[in-house]
$ cat query.cif   # mmCIF, C-alpha atoms (C1' of nucleotides)
data_my_file
loop_
_atom_site.label_atom_id
_atom_site.label_comp_id
_atom_site.auth_asym_id
_atom_site.auth_seq_id
_atom_site.Cartn_x
_atom_site.Cartn_y
_atom_site.Cartn_z
CA MET A 17 63.93 -65.55 10.84
CA PRO A 18 60.26 -65.11 9.75
CA GLN A 19 59.01 -61.56 9.73
CA ARG A 20 56.50 -60.70 12.40
CA ILE A 21 53.09 -59.93 10.90
CA PRO A 22 50.73 -57.64 12.83
CA LYS A 23 47.69 -59.53 14.07
CA HIS A 24 45.07 -57.52 12.19
CA LEU A 25 46.99 -57.95 8.94
CA SER A 26 47.38 -61.69 9.31
CA ARG A 27 43.70 -62.01 10.11
CA ARG A 28 42.85 -59.96 7.05
CA HIS A 29 45.10 -62.13 4.96
CA SER A 30 43.61 -65.40 6.19
CA ALA A 31 40.08 -64.13 5.64
CA GLU A 32 40.84 -63.12 2.07
CA THR A 33 42.57 -66.44 1.47
CA ARG A 34 39.40 -68.18 2.66
CA ALA A 35 37.23 -66.10 0.33
CA LEU A 36 39.58 -66.62 -2.61
CA ALA A 37 39.72 -70.38 -2.00
CA ILE A 38 36.07 -70.77 -3.02
CA GLU A 39 35.78 -72.31 -6.49
CA PRO A 40 34.99 -69.77 -9.22
CA ALA A 41 32.29 -72.12 -10.54
CA HIS A 42 30.66 -72.14 -7.10
CA VAL A 43 30.50 -68.34 -6.98
CA GLN A 44 29.25 -68.24 -10.57
CA TRP A 45 26.51 -70.75 -9.73
CA PHE A 46 25.39 -68.57 -6.81
CA VAL A 47 25.31 -65.49 -9.05
CA ASN A 48 23.40 -67.28 -11.83
CA GLN A 49 20.83 -68.72 -9.42
CA VAL A 50 20.20 -65.39 -7.69
CA GLU A 51 19.94 -63.40 -10.92
CA ALA A 52 17.56 -65.88 -12.54
CA TRP A 53 15.42 -65.94 -9.39
CA TYR A 54 15.38 -62.15 -9.15
CA LYS A 55 14.02 -61.76 -12.69
CA GLU A 56 11.07 -64.01 -11.82
CA GLN A 57 10.44 -63.51 -8.12
CA GLY A 58 12.24 -60.32 -7.07
CA ARG A 59 10.32 -57.52 -5.39
CA SER A 60 9.26 -54.49 -7.39
CA PHE A 61 9.68 -51.04 -5.85
CA PRO A 62 9.43 -47.56 -7.42
CA TRP A 63 13.08 -46.83 -6.57
CA ARG A 64 14.16 -49.87 -8.57
CA LYS A 65 12.64 -48.42 -11.72
CA PRO A 66 13.77 -45.43 -13.80
CA GLY A 67 12.30 -42.02 -13.09
CA MET A 68 13.48 -41.10 -9.61
CA SER A 69 15.93 -38.28 -8.99
CA LEU A 70 19.25 -38.94 -7.30
CA TYR A 71 17.94 -36.90 -4.37
CA GLN A 72 14.94 -39.20 -4.02
CA LEU A 73 17.07 -42.35 -4.36
CA LEU A 74 19.51 -41.19 -1.72
CA ILE A 75 16.74 -40.22 0.72
CA ILE A 76 15.01 -43.57 0.12
CA GLU A 77 18.23 -45.46 0.86
CA LEU A 78 18.62 -43.48 4.09
CA LEU A 79 15.02 -44.32 4.98
CA LEU A 80 15.66 -48.03 4.33
CA GLN A 81 18.24 -48.16 7.12
CA ARG A 82 16.89 -50.45 9.86
CA THR A 83 13.46 -50.02 8.25
CA ARG A 84 11.38 -52.46 6.23
CA ALA A 85 11.20 -51.78 2.52
CA GLU A 86 7.39 -52.16 2.67
CA THR A 87 7.21 -49.33 5.22
CA VAL A 88 9.35 -47.05 3.04
CA ASN A 89 7.24 -48.02 0.03
CA ARG A 90 4.05 -47.00 1.78
CA PHE A 91 5.15 -43.60 3.10
CA HIS A 92 7.85 -42.25 0.80
CA ALA A 93 5.52 -40.54 -1.74
CA GLY A 94 3.90 -38.48 1.01
CA PHE A 95 7.29 -37.43 2.29
CA PHE A 96 8.47 -36.26 -1.16
CA LEU A 97 5.29 -34.22 -1.57
CA HIS A 98 6.50 -32.03 1.31
CA TYR A 99 10.24 -32.31 0.65
CA PRO A 100 10.86 -32.70 -3.11
CA ASP A 101 14.51 -31.62 -3.21
CA TRP A 102 17.64 -30.72 -1.22
CA ASN A 103 16.58 -27.08 -0.92
CA SER A 104 13.26 -27.85 0.71
CA LEU A 105 15.01 -30.15 3.19
CA ALA A 106 17.68 -27.60 4.03
CA ARG A 107 15.08 -24.88 4.63
CA ALA A 108 12.62 -27.10 6.50
CA ASN A 109 11.38 -26.48 10.02
CA ARG A 110 12.96 -29.16 12.19
CA MET A 111 9.75 -30.11 14.02
CA ASP A 112 7.75 -30.38 10.80
CA LEU A 113 10.46 -32.56 9.32
CA GLU A 114 10.49 -34.81 12.38
CA ALA A 115 6.71 -35.20 12.15
CA ALA A 116 6.97 -36.19 8.47
CA LEU A 117 9.62 -38.77 9.35
CA LYS A 118 7.76 -40.41 12.24
CA PRO A 119 6.16 -43.20 10.17
CA PHE A 120 9.64 -44.41 9.19
CA GLY A 121 11.12 -44.48 12.69
CA LEU A 122 14.50 -43.09 13.82
CA TYR A 123 12.88 -39.72 13.15
CA ARG A 124 14.99 -37.36 15.28
CA ARG A 125 18.26 -38.79 14.04
CA ARG A 126 17.00 -38.78 10.47
CA ALA A 127 15.72 -35.20 10.62
CA LYS A 128 19.11 -34.04 11.87
CA VAL A 129 21.10 -36.08 9.32
CA PHE A 130 18.81 -35.03 6.44
CA GLN A 131 19.24 -31.34 7.23
CA ILE A 132 23.00 -31.44 7.78
CA LEU A 133 23.37 -33.42 4.56
CA ALA A 134 21.00 -31.13 2.64
CA SER A 135 22.91 -28.05 3.79
CA ALA A 136 26.19 -29.61 2.68
CA VAL A 137 24.80 -30.53 -0.76
CA VAL A 138 23.10 -27.16 -1.26
CA GLY A 139 26.33 -25.47 -0.18
CA THR A 140 28.26 -27.15 -2.99
CA GLY A 141 25.75 -26.23 -5.69
CA GLY A 142 23.24 -29.06 -5.23
CA GLU A 143 25.53 -31.70 -6.75
CA LEU A 144 26.84 -34.80 -4.98
CA PRO A 145 30.63 -35.30 -5.10
CA ARG A 146 32.00 -37.75 -7.69
CA SER A 147 34.69 -39.52 -5.66
CA VAL A 148 34.26 -42.30 -3.11
CA GLU A 149 36.33 -40.35 -0.63
CA ASP A 150 34.25 -37.17 -0.86
CA LEU A 151 30.96 -39.07 -0.82
CA GLY A 152 32.00 -40.91 2.34
CA ALA A 153 32.88 -37.60 3.97
CA LEU A 154 29.28 -36.41 3.71
CA PRO A 155 27.36 -36.61 7.00
CA GLY A 156 25.28 -39.77 7.30
CA LEU A 157 26.89 -41.58 4.37
CA GLY A 158 28.75 -44.75 5.39
CA PRO A 159 30.13 -47.48 3.11
CA TYR A 160 26.67 -48.83 2.23
CA MET A 161 25.32 -45.42 1.21
CA VAL A 162 28.44 -44.58 -0.81
CA ASN A 163 28.04 -47.79 -2.78
CA ALA A 164 24.32 -47.15 -3.24
CA VAL A 165 25.09 -43.77 -4.84
CA LEU A 166 27.78 -45.31 -7.08
CA MET A 167 25.39 -48.05 -8.19
CA TYR A 168 22.36 -45.83 -8.89
CA ARG A 169 24.27 -42.90 -10.38
CA ASP A 170 27.15 -44.59 -12.20
CA GLY A 171 25.98 -48.18 -12.60
CA ALA A 172 29.17 -49.17 -10.76
CA PRO A 173 29.66 -52.88 -9.94
CA VAL A 174 29.78 -52.34 -6.18
CA PRO A 175 28.03 -54.41 -3.48
CA LEU A 176 25.11 -53.39 -1.28
CA LEU A 177 26.24 -55.24 1.82
CA ASP A 178 23.61 -54.97 4.55
CA GLY A 179 22.79 -57.19 7.49
CA GLY A 180 20.53 -59.43 5.44
CA VAL A 181 22.99 -59.85 2.59
CA ALA A 182 25.69 -60.75 5.11
CA ARG A 183 23.37 -63.41 6.54
CA VAL A 184 22.74 -65.02 3.13
CA LEU A 185 26.43 -64.96 2.18
CA GLU A 186 27.49 -66.44 5.52
CA ARG A 187 24.92 -69.22 5.38
CA PHE A 188 25.93 -70.15 1.84
CA PHE A 189 29.69 -69.46 1.79
CA GLY A 190 30.75 -69.50 5.45
CA PRO A 191 31.10 -67.11 8.41
CA ARG A 192 32.64 -63.66 8.48
CA GLU A 193 35.78 -62.71 10.36
CA LEU A 194 34.69 -59.60 12.27
CA VAL A 195 31.53 -58.52 14.09
CA ASP A 196 31.02 -55.37 11.98
CA ILE A 197 30.23 -56.24 8.36
CA ARG A 198 31.53 -52.85 7.20
CA ASP A 199 35.10 -53.85 8.09
CA ASP A 200 34.97 -57.58 7.41
CA PRO A 201 37.60 -58.63 4.84
CA TYR A 202 35.98 -62.02 4.15
CA LEU A 203 32.59 -60.60 3.17
CA HIS A 204 34.16 -57.77 1.18
CA CYS A 205 36.45 -60.11 -0.74
CA LEU A 206 33.50 -62.40 -1.43
CA GLU A 207 31.32 -59.50 -2.61
CA GLU A 208 34.09 -58.34 -4.92
CA ARG A 209 34.12 -61.76 -6.57
CA ILE A 210 30.31 -61.86 -6.80
CA LEU A 211 30.01 -58.41 -8.41
CA GLU A 212 32.80 -59.29 -10.84
CA LEU A 213 30.85 -62.31 -12.09
CA SER A 214 27.50 -60.54 -12.24
CA LYS A 215 26.16 -59.02 -15.44
CA GLU A 216 24.04 -56.35 -13.79
CA PRO A 217 25.09 -54.91 -10.39
CA SER A 218 21.58 -53.89 -9.37
CA GLU A 219 20.11 -57.32 -10.15
CA ILE A 220 22.58 -59.31 -8.08
CA ASN A 221 22.42 -56.82 -5.20
CA TRP A 222 18.63 -56.61 -5.10
CA GLY A 223 18.42 -60.36 -5.68
CA ILE A 224 20.45 -61.17 -2.57
CA ILE A 225 18.58 -58.51 -0.58
CA ASP A 226 15.22 -60.00 -1.61
CA ILE A 227 16.29 -63.54 -0.80
CA SER A 228 17.33 -62.31 2.64
CA ALA A 229 13.99 -60.55 3.14
CA LEU A 230 11.64 -63.19 1.68
CA ILE A 231 13.38 -66.59 1.93
CA CYS A 232 16.50 -66.59 4.07
CA MET A 233 15.20 -64.68 7.05
CA LYS A 234 16.87 -64.32 10.42
CA ASN A 235 14.84 -66.83 12.38
CA ILE A 236 12.72 -68.54 9.72
CA THR A 237 14.20 -70.01 6.56
CA HIS A 238 12.14 -71.17 3.58
CA CYS A 239 14.80 -73.45 2.17
CA HIS A 240 12.24 -75.40 0.14
CA LEU A 241 11.59 -72.19 -1.84
CA CYS A 242 15.22 -71.18 -2.15
CA VAL A 243 17.11 -71.51 -5.44
CA LEU A 244 20.34 -71.82 -3.45
CA SER A 245 19.28 -74.71 -1.21
CA LYS A 246 20.72 -77.44 -3.46
CA LYS A 247 24.27 -76.34 -2.66
CA CYS A 248 23.69 -74.52 0.64
CA PRO A 249 25.42 -76.04 3.70
CA ASN A 250 22.79 -74.40 5.88
CA ASN A 251 19.92 -76.01 3.99
CA ARG A 252 17.10 -76.92 6.36
CA TYR A 253 14.92 -78.33 3.62
CA GLY A 254 12.86 -81.12 5.09
CA LEU A 255 13.55 -79.92 8.61
CA SER A 256 11.44 -76.78 8.53
"C1'" DG B 22 9.20 -59.75 21.85
"C1'" DT B 23 11.88 -59.57 17.31
"C1'" DC B 24 13.37 -57.75 13.05
"C1'" DC B 25 14.12 -54.30 9.41
"C1'" DT B 26 18.48 -52.71 2.31
"C1'" DG B 27 23.19 -48.67 8.73
"C1'" DT B 28 25.73 -45.01 10.87
"C1'" DA B 29 28.29 -42.64 14.24
"C1'" DG B 30 29.78 -42.06 18.88
"C1'" DC B 31 32.00 -44.05 22.50
"C1'" DG C 16 33.31 -54.13 20.11
"C1'" DC C 17 28.94 -52.25 21.70
"C1'" DT C 18 25.05 -49.36 21.50
"C1'" DA C 19 21.47 -45.65 20.58
"C1'" DC C 20 18.41 -44.39 17.34
"C1'" DT C 21 12.62 -45.16 16.25
"C1'" DG C 22 8.21 -46.97 14.64
"C1'" DG C 23 5.63 -50.41 11.99
"C1'" DA C 24 4.71 -55.32 11.00
"C1'" DC C 25 4.30 -59.80 12.50
#
$ encode --input "query.cif" --output "structure tokens"
Amino acid sequence: MPQRIPKHLSRRHSAETRALAIEPAHVQWFVNQVEAWYKEQGRSFPWRKPGMSLYQLLIIELLLQRTRAETVNRFHAGFFLHYPDWNSLARANRMDLEAALKPFGLYRRRAKVFQILASAVVGTGGELPRSVEDLGALPGLGPYMVNAVLMYRDGAPVPLLDGGVARVLERFFGPRELVDIRDDPYLHCLEERILELSKEPSEINWGIIDISALICMKNITHCHLCVLSKKCPNNRYGLS
DNA sequence: GTCCTGTAGC
DNA sequence: GCTACTGGAC
């Protein structure tokens, strides 16, 4: 008599099987192509270079949520002039903070999250927690933000899986299992394999992000410019 | 009108 | 699962 497997577990298992069935050489080729392309053609932003505090990096990553990197690039310096650290954020007047956040969008939500987060960090001595569990418990920090902190602070080989990255991975490797990328076992298993084969976590993560933003966009794809098109099942080269 | 380096509430 | 959150860029 075969044991009954709960539906969500069997779906998880099949998704991971699908991700693990991809040839190692195929994943390695993807990683090599993206990393080589990133060194030549990747975007350059201040937060990708040394010199920013962990506070600034975390705020920038929060600002990048549902917001174009170019927009964050243009306005972030002005914001940090007024709010240079956790203390200034925690003490800020809510309306002033909202006004400073308007150029980025989502300003009421962000003002609230920034202040709750700042109070929490100031309350524990101005240091962010070390563990994944405690980081994820901070207000406003989901799986993406936790990984961003681990990557910037610890150089950890963890993925930055956003909507654009999911799009690139799905077009090249095949579709996800679930609607929400944060819970999808296929994309997470795939990312684990990609980060394992990468030499530098930030380069592969930013490389995929930049391909999603510049080449492999939602509605327009520039397959003729893409270093992945040769082996991409979604290749529209010649058609667009 | 659509999209953008997500998260939390339902 | 689905949706609100927001404004800038195209």
$ resolve_selection --input "query.cif" --expression "the PyMOL selection byres ((chain A) within 12 of (chain C))" --output "PyMOL selection string"
chain A and resi 79+81-88+90-91+114+117-129+194-196
$ write_last_selection --input "query.cif" --atoms "C-alpha atoms" --output "PDB file, keeping the file's coordinate frame"
ATOM      1  CA  LEU A  79      15.020 -44.320   4.980  1.00  0.00           C
ATOM      2  CA  GLN A  81      18.240 -48.160   7.120  1.00  0.00           C
ATOM      3  CA  ARG A  82      16.890 -50.450   9.860  1.00  0.00           C
ATOM      4  CA  THR A  83      13.460 -50.020   8.250  1.00  0.00           C
ATOM      5  CA  ARG A  84      11.380 -52.460   6.230  1.00  0.00           C
ATOM      6  CA  ALA A  85      11.200 -51.780   2.520  1.00  0.00           C
ATOM      7  CA  GLU A  86       7.390 -52.160   2.670  1.00  0.00           C
ATOM      8  CA  THR A  87       7.210 -49.330   5.220  1.00  0.00           C
ATOM      9  CA  VAL A  88       9.350 -47.050   3.040  1.00  0.00           C
ATOM     10  CA  ARG A  90       4.050 -47.000   1.780  1.00  0.00           C
ATOM     11  CA  PHE A  91       5.150 -43.600   3.100  1.00  0.00           C
ATOM     12  CA  GLU A 114      10.490 -34.810  12.380  1.00  0.00           C
ATOM     13  CA  LEU A 117       9.620 -38.770   9.350  1.00  0.00           C
ATOM     14  CA  LYS A 118       7.760 -40.410  12.240  1.00  0.00           C
ATOM     15  CA  PRO A 119       6.160 -43.200  10.170  1.00  0.00           C
ATOM     16  CA  PHE A 120       9.640 -44.410   9.190  1.00  0.00           C
ATOM     17  CA  GLY A 121      11.120 -44.480  12.690  1.00  0.00           C
ATOM     18  CA  LEU A 122      14.500 -43.090  13.820  1.00  0.00           C
ATOM     19  CA  TYR A 123      12.880 -39.720  13.150  1.00  0.00           C
ATOM     20  CA  ARG A 124      14.990 -37.360  15.280  1.00  0.00           C
ATOM     21  CA  ARG A 125      18.260 -38.790  14.040  1.00  0.00           C
ATOM     22  CA  ARG A 126      17.000 -38.780  10.470  1.00  0.00           C
ATOM     23  CA  ALA A 127      15.720 -35.200  10.620  1.00  0.00           C
ATOM     24  CA  LYS A 128      19.110 -34.040  11.870  1.00  0.00           C
ATOM     25  CA  VAL A 129      21.100 -36.080   9.320  1.00  0.00           C
ATOM     26  CA  LEU A 194      34.690 -59.600  12.270  1.00  0.00           C
ATOM     27  CA  VAL A 195      31.530 -58.520  14.090  1.00  0.00           C
ATOM     28  CA  ASP A 196      31.020 -55.370  11.980  1.00  0.00           C
TER      29      ASP A 196
END
$ closest_residue --input "query.cif" --among "A:Val43, A:Leu144, A:Ala35, A:Leu78" --to "chain B" --atoms "all atoms listed in the file"
A:Leu78
$ atom_distance --input "query.cif" --atom1 "CA of Leu105 (chain A)" --atom2 "CA of Pro62 (chain A)"
21.1 Å
$ resolve_selection --input "query.cif" --expression "the PyMOL selection byres ((chain B) within 12 of (chain A))" --output "list in words"
DT23, DC24, DC25, DT26, DG27, DT28 and DA29 of chain B
$ resolve_selection --input "query.cif" --expression "the PyMOL selection byres ((chain A and resi 245-253) around 10)" --output "MDAnalysis selection string"
chainID A and resid 42 45:46 184 186:190 237:244 254:256
$ residues_around --input "query.cif" --residues "Arg192 (chain A)" --least-positions-apart "3" --cutoff "9 Å" --atoms "all atoms listed in the file" --output "JSON, numbers by chain"
{"A": [31, 182, 185, 186, 195, 197, 200, 201, 202, 203]}
$ atom_distance --input "query.cif" --atom1 "CA of Asp112 (chain A)" --atom2 "CA of Pro100 (chain A)"
14.4 Å
$ atom_distance --input "query.cif" --atom1 "CA of Phe96 (chain A)" --atom2 "CA of Ile132 (chain A)"
17.7 Å
$ residues_around --input "query.cif" --residues "Gly142 (chain A)" --least-positions-apart "4" --cutoff "9 Å" --atoms "all atoms listed in the file" --output "list in words"
Trp102, Asn103, Ala134, Ala136, Val137 and Val138 of chain A
